[in-house]
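What follows is a single structure, written as structure tokens, with notes after it.
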Amino acid sequence: MVDDHAAEIGRHYDEGAAIGDALRDGRLHMWYWYDDEDGASLVDALLRITTKVTDTLGLRTGQHLLDAGCGPGETAIHVARAHGVRVTGVTVSRAEIDAAGERIRAAGAGDLVEVRYGDYMALPFPDDTFDAVLALESLQNAPDVDAALREFHRVLKPGGRLSFSDFSLERADETDRVRQFMDSLKLKELPTTSEWLDHTRAAGFAVEEYTQCGPRVFGMKGKFLREAMRVRDRFSARFGEAALDGFTRMHRGFFLPRKDQIGYVIVAARKSR
């Protein structure tokens, strides 16, 4: 069951799905570059975040992972194969469901990966179903972060692990820029790092590890923009100039804050036995 808020978020992701999917090769999360001299491609920089976050889960062969807000499926396929686990993904985007289905079929990964249309605020799974939960930049869309984390806690087995990454508010001294950033992502709130930890603990998790890597993520937004401009002509020919302009307008507010205002936090936690 998907409520009105979740349906709105789904439509937001549907709007830019085709271009965003192509630009990031099926990964709709952020990038990670060490500095401006880092020669990694955009796809490699995106894979670094996938690896950095999922490695904190300590996945073991045969386990079952929930990918909450799974995007168009590339991350789920990668994690399933890299760690030998089953992955069940959920998303409220119909376009992502279609893209993920195509990717899973093309990769021959149907025995390991399943993607469902659904809201992680009300998961259709019994208590104690999953060994681990991954939420790559998906908690930002929750209308109630505490309730979402409690739902993750419910479906995890005792001792199960949660890892998530998301944006954090580091400085709010230019609130208009931050507000436009939030509006571009349809965010209702933007917690600080300490508030993310408080939310996690309030849901019953023990925080085991966290890191703030904003300077190498949002701080490298200029490098991402240069990468995007490098392929602009090719994407214009593929999708049309009007569609590309619409995609650019939809994301303009995202790039407005200074790099010291928006952080990027990774949190690893465990459900107590």
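Just so we're on the same page: first chain in the structure tokens is A, next is B, and so on; residues restart at 1 for each chain, and ligands are numbered from 1 in the order they show up.
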- [ ] Check the DSSP output for the backbone and give back, as a ChimeraX atom specification, the residues of region 101-264 of chain A in helix (DSSP H, G or I).
- [x] /A:101-107,139-141,145-155,175-185,193-202,214-216,218-230,232-239,241-255
- [ ] Quick one: pick out all strand (DSSP E or B) residues within region 22-221 of chain A from a backbone DSSP run and write them as JSON, numbers by chain.
- [x] {"A": [64, 65, 66, 67, 68, 86, 87, 88, 89, 90, 91, 113, 114, 115, 116, 117, 130, 131, 132, 133, 134, 135, 136, 156, 157, 158, 159, 160, 161, 162, 163, 164, 165, 166, 167, 168, 169, 205, 206, 207, 208, 209, 210, 211, 212]}
Task: 7 Å contact set for region 23-33 of chain A, only C-alpha atoms, chain neighbours under 6 positions out, as an MDAnalysis selection string - done: chainID A and resid 43 45:46 48:49 71:75 136:137 216:217 220
Only C-alpha atoms, please: the residues just picked out, written as a compact mmCIF listing (two decimals), in the first residue's frame.
```txt
# COMPACT_ATOMS: atom_id res chain seq x y z
CA VAL A 43 30.51 5.43 -12.65
CA ALA A 45 32.94 7.28 -8.17
CA LEU A 46 29.35 6.07 -7.74
CA ARG A 48 32.77 3.75 -4.38
CA ILE A 49 29.71 4.85 -2.41
CA GLY A 71 16.37 2.73 -7.47
CA PRO A 72 16.70 1.15 -10.92
CA GLY A 73 18.36 -2.02 -9.67
CA GLU A 74 22.06 -1.77 -10.45
CA THR A 75 23.08 -1.53 -6.80
CA LEU A 136 21.18 4.49 0.15
CA GLU A 137 19.85 8.06 0.28
CA ARG A 216 34.45 14.00 -0.81
CA VAL A 217 30.80 13.73 -1.79
CA MET A 220 32.91 17.36 -5.17
```
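Among the candidate residues A:Ala22, A:Val178, A:Pro257, A:Asp146, the one lying nearest to Asp198 (chain A) is A:Asp146, with distances computed using only C-alpha atoms.
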TODO: Figure out the distance between CA of Val267 (chain A) and CA of Thr51 (chain A), please, to one decimal in Å.
DONE: 13.7 Å
Task: Nearest-residue call for Val115 (chain A), choices A:Asp131, A:Asp166, A:Asp55, A:Asp98, using only C-alpha atoms - done: A:Asp98
Kindly provide the residues of region 90-181 of chain A that approach region 1-6 of chain A to within 8 Å, each paired with its closest atom pair and their distance in Å to one decimal, based on only C-alpha atoms, listed by chain and increasing number, as a tab-separated table.
```
residue	atom	partner	partner_atom	distance
A:Val92	CA	A:Ala6	CA	6.4
A:Gly118	CA	A:Val2	CA	6.2
A:Asp119	CA	A:Val2	CA	5.6
A:Ala122	CA	A:Met1	CA	7.3
A:Pro143	CA	A:His5	CA	7.5
```
Open item on the list: Would you pick out the contacts of Leu190 (chain A) at 10 Å or less, using only C-alpha atoms, so that residues sharing its chain but fewer than 2 positions from it are not included, and give the list as a VMD selection string?
Closed with: chain A and resid 140 166 to 170 178 to 179 181 to 182 187 to 188 192 to 193 195 to 196 262
Close residues, Ala80 (chain A) itself excluded, 12 Å, only C-alpha atoms, min 4 positions apart in chain, as an mmCIF file with N, CA and C atoms, in the first residue's frame:
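Listing of around-v9.cif after writing:
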```cif
data_model
loop_
_atom_site.group_PDB
_atom_site.id
_atom_site.type_symbol
_atom_site.label_atom_id
_atom_site.label_comp_id
_atom_site.auth_asym_id
_atom_site.auth_seq_id
_atom_site.Cartn_x
_atom_site.Cartn_y
_atom_site.Cartn_z
ATOM 1 N N THR A 54 27.897 -0.508 1.687
ATOM 2 C CA THR A 54 27.535 -1.919 1.856
ATOM 3 C C THR A 54 28.600 -2.714 2.591
ATOM 4 N N LEU A 59 28.094 -8.365 5.057
ATOM 5 C CA LEU A 59 27.214 -9.394 4.496
ATOM 6 C C LEU A 59 27.943 -10.722 4.335
ATOM 7 N N ARG A 60 27.191 -11.806 4.541
ATOM 8 C CA ARG A 60 27.723 -13.148 4.413
ATOM 9 C C ARG A 60 26.903 -13.942 3.401
ATOM 10 N N THR A 61 27.565 -14.841 2.712
ATOM 11 C CA THR A 61 26.919 -15.639 1.667
ATOM 12 C C THR A 61 25.625 -16.284 2.174
ATOM 13 N N GLY A 62 24.578 -16.149 1.360
ATOM 14 C CA GLY A 62 23.302 -16.768 1.671
ATOM 15 C C GLY A 62 22.353 -15.909 2.474
ATOM 16 N N GLN A 63 22.812 -14.740 2.928
ATOM 17 C CA GLN A 63 21.928 -13.886 3.711
ATOM 18 C C GLN A 63 20.932 -13.153 2.815
ATOM 19 N N HIS A 64 19.942 -12.549 3.468
ATOM 20 C CA HIS A 64 18.856 -11.870 2.762
ATOM 21 C C HIS A 64 18.895 -10.390 3.124
ATOM 22 N N LEU A 65 19.043 -9.533 2.113
ATOM 23 C CA LEU A 65 19.175 -8.086 2.284
ATOM 24 C C LEU A 65 17.935 -7.379 1.757
ATOM 25 N N LEU A 66 17.436 -6.420 2.517
ATOM 26 C CA LEU A 66 16.400 -5.508 2.035
ATOM 27 C C LEU A 66 17.077 -4.237 1.537
ATOM 28 N N ASP A 67 16.855 -3.893 0.267
ATOM 29 C CA ASP A 67 17.335 -2.635 -0.306
ATOM 30 C C ASP A 67 16.149 -1.677 -0.311
ATOM 31 N N GLY A 73 17.936 -0.631 -9.790
ATOM 32 C CA GLY A 73 18.358 -2.019 -9.674
ATOM 33 C C GLY A 73 19.831 -2.347 -9.776
ATOM 34 N N GLU A 74 20.647 -1.430 -10.239
ATOM 35 C CA GLU A 74 22.059 -1.771 -10.448
ATOM 36 C C GLU A 74 22.766 -2.075 -9.130
ATOM 37 N N THR A 75 22.454 -1.293 -8.095
ATOM 38 C CA THR A 75 23.082 -1.533 -6.796
ATOM 39 C C THR A 75 22.705 -2.903 -6.245
ATOM 40 N N ALA A 76 21.433 -3.263 -6.341
ATOM 41 C CA ALA A 76 20.980 -4.561 -5.825
ATOM 42 C C ALA A 76 21.690 -5.712 -6.536
ATOM 43 N N GLY A 84 27.170 -12.645 -2.624
ATOM 44 C CA GLY A 84 26.479 -13.925 -2.638
ATOM 45 C C GLY A 84 25.234 -13.944 -1.773
ATOM 46 N N VAL A 85 24.475 -12.809 -1.800
ATOM 47 C CA VAL A 85 23.274 -12.704 -0.977
ATOM 48 C C VAL A 85 22.035 -12.545 -1.865
ATOM 49 N N ARG A 86 20.868 -12.825 -1.275
ATOM 50 C CA ARG A 86 19.600 -12.503 -1.931
ATOM 51 C C ARG A 86 19.233 -11.065 -1.581
ATOM 52 N N VAL A 87 18.711 -10.335 -2.555
ATOM 53 C CA VAL A 87 18.323 -8.942 -2.328
ATOM 54 C C VAL A 87 16.879 -8.749 -2.740
ATOM 55 N N THR A 88 16.096 -8.182 -1.834
ATOM 56 C CA THR A 88 14.739 -7.752 -2.149
ATOM 57 C C THR A 88 14.722 -6.237 -2.088
ATOM 58 N N GLY A 89 14.382 -5.608 -3.201
ATOM 59 C CA GLY A 89 14.330 -4.159 -3.258
ATOM 60 C C GLY A 89 12.897 -3.662 -3.271
ATOM 61 N N ILE A 104 17.646 -6.749 -14.229
ATOM 62 C CA ILE A 104 17.719 -8.064 -13.606
ATOM 63 C C ILE A 104 17.652 -9.159 -14.664
ATOM 64 N N ALA A 107 20.881 -9.218 -16.723
ATOM 65 C CA ALA A 107 22.011 -9.744 -15.949
ATOM 66 C C ALA A 107 21.831 -11.211 -15.576
ATOM 67 N N GLY A 108 20.644 -11.763 -15.843
ATOM 68 C CA GLY A 108 20.378 -13.142 -15.435
ATOM 69 C C GLY A 108 20.442 -13.316 -13.937
ATOM 70 N N ALA A 109 19.952 -12.285 -13.212
ATOM 71 C CA ALA A 109 20.080 -12.283 -11.758
ATOM 72 C C ALA A 109 18.763 -12.517 -11.044
ATOM 73 N N GLY A 110 17.782 -13.057 -11.758
ATOM 74 C CA GLY A 110 16.468 -13.251 -11.166
ATOM 75 C C GLY A 110 16.433 -14.197 -9.993
ATOM 76 N N ASP A 111 17.434 -15.067 -9.873
ATOM 77 C CA ASP A 111 17.472 -15.988 -8.743
ATOM 78 C C ASP A 111 17.986 -15.313 -7.470
ATOM 79 N N LEU A 112 18.599 -14.144 -7.628
ATOM 80 C CA LEU A 112 19.175 -13.444 -6.480
ATOM 81 C C LEU A 112 18.469 -12.142 -6.136
ATOM 82 N N VAL A 113 17.875 -11.490 -7.134
ATOM 83 C CA VAL A 113 17.343 -10.137 -6.934
ATOM 84 C C VAL A 113 15.874 -10.067 -7.325
ATOM 85 N N GLU A 114 15.086 -9.476 -6.434
ATOM 86 C CA GLU A 114 13.674 -9.215 -6.690
ATOM 87 C C GLU A 114 13.396 -7.769 -6.315
#
```
Task: All residues 8 Å or closer to Phe205 (chain A), only C-alpha atoms, same chain fewer than 4 positions away omitted, as a PyMOL selection string - done: chain A and resi 153+200-201+269-272
Task: Residues within 12 Å of Arg258 (chain A), only C-alpha atoms, excluding chain neighbours under 5 positions, as a ChimeraX atom specification - done: /A:169-178,181,214-215,218-222,253,263
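Relative to CA of Ala40 (chain A), CA of Phe235 (chain A) is found at 20.5 Å.
Among A:Val155, A:Ala202, A:Ala82, A:Ala18, the residue with the shortest atom-to-atom distance to Asp128 (chain A), counting only C-alpha atoms, is A:Val155.
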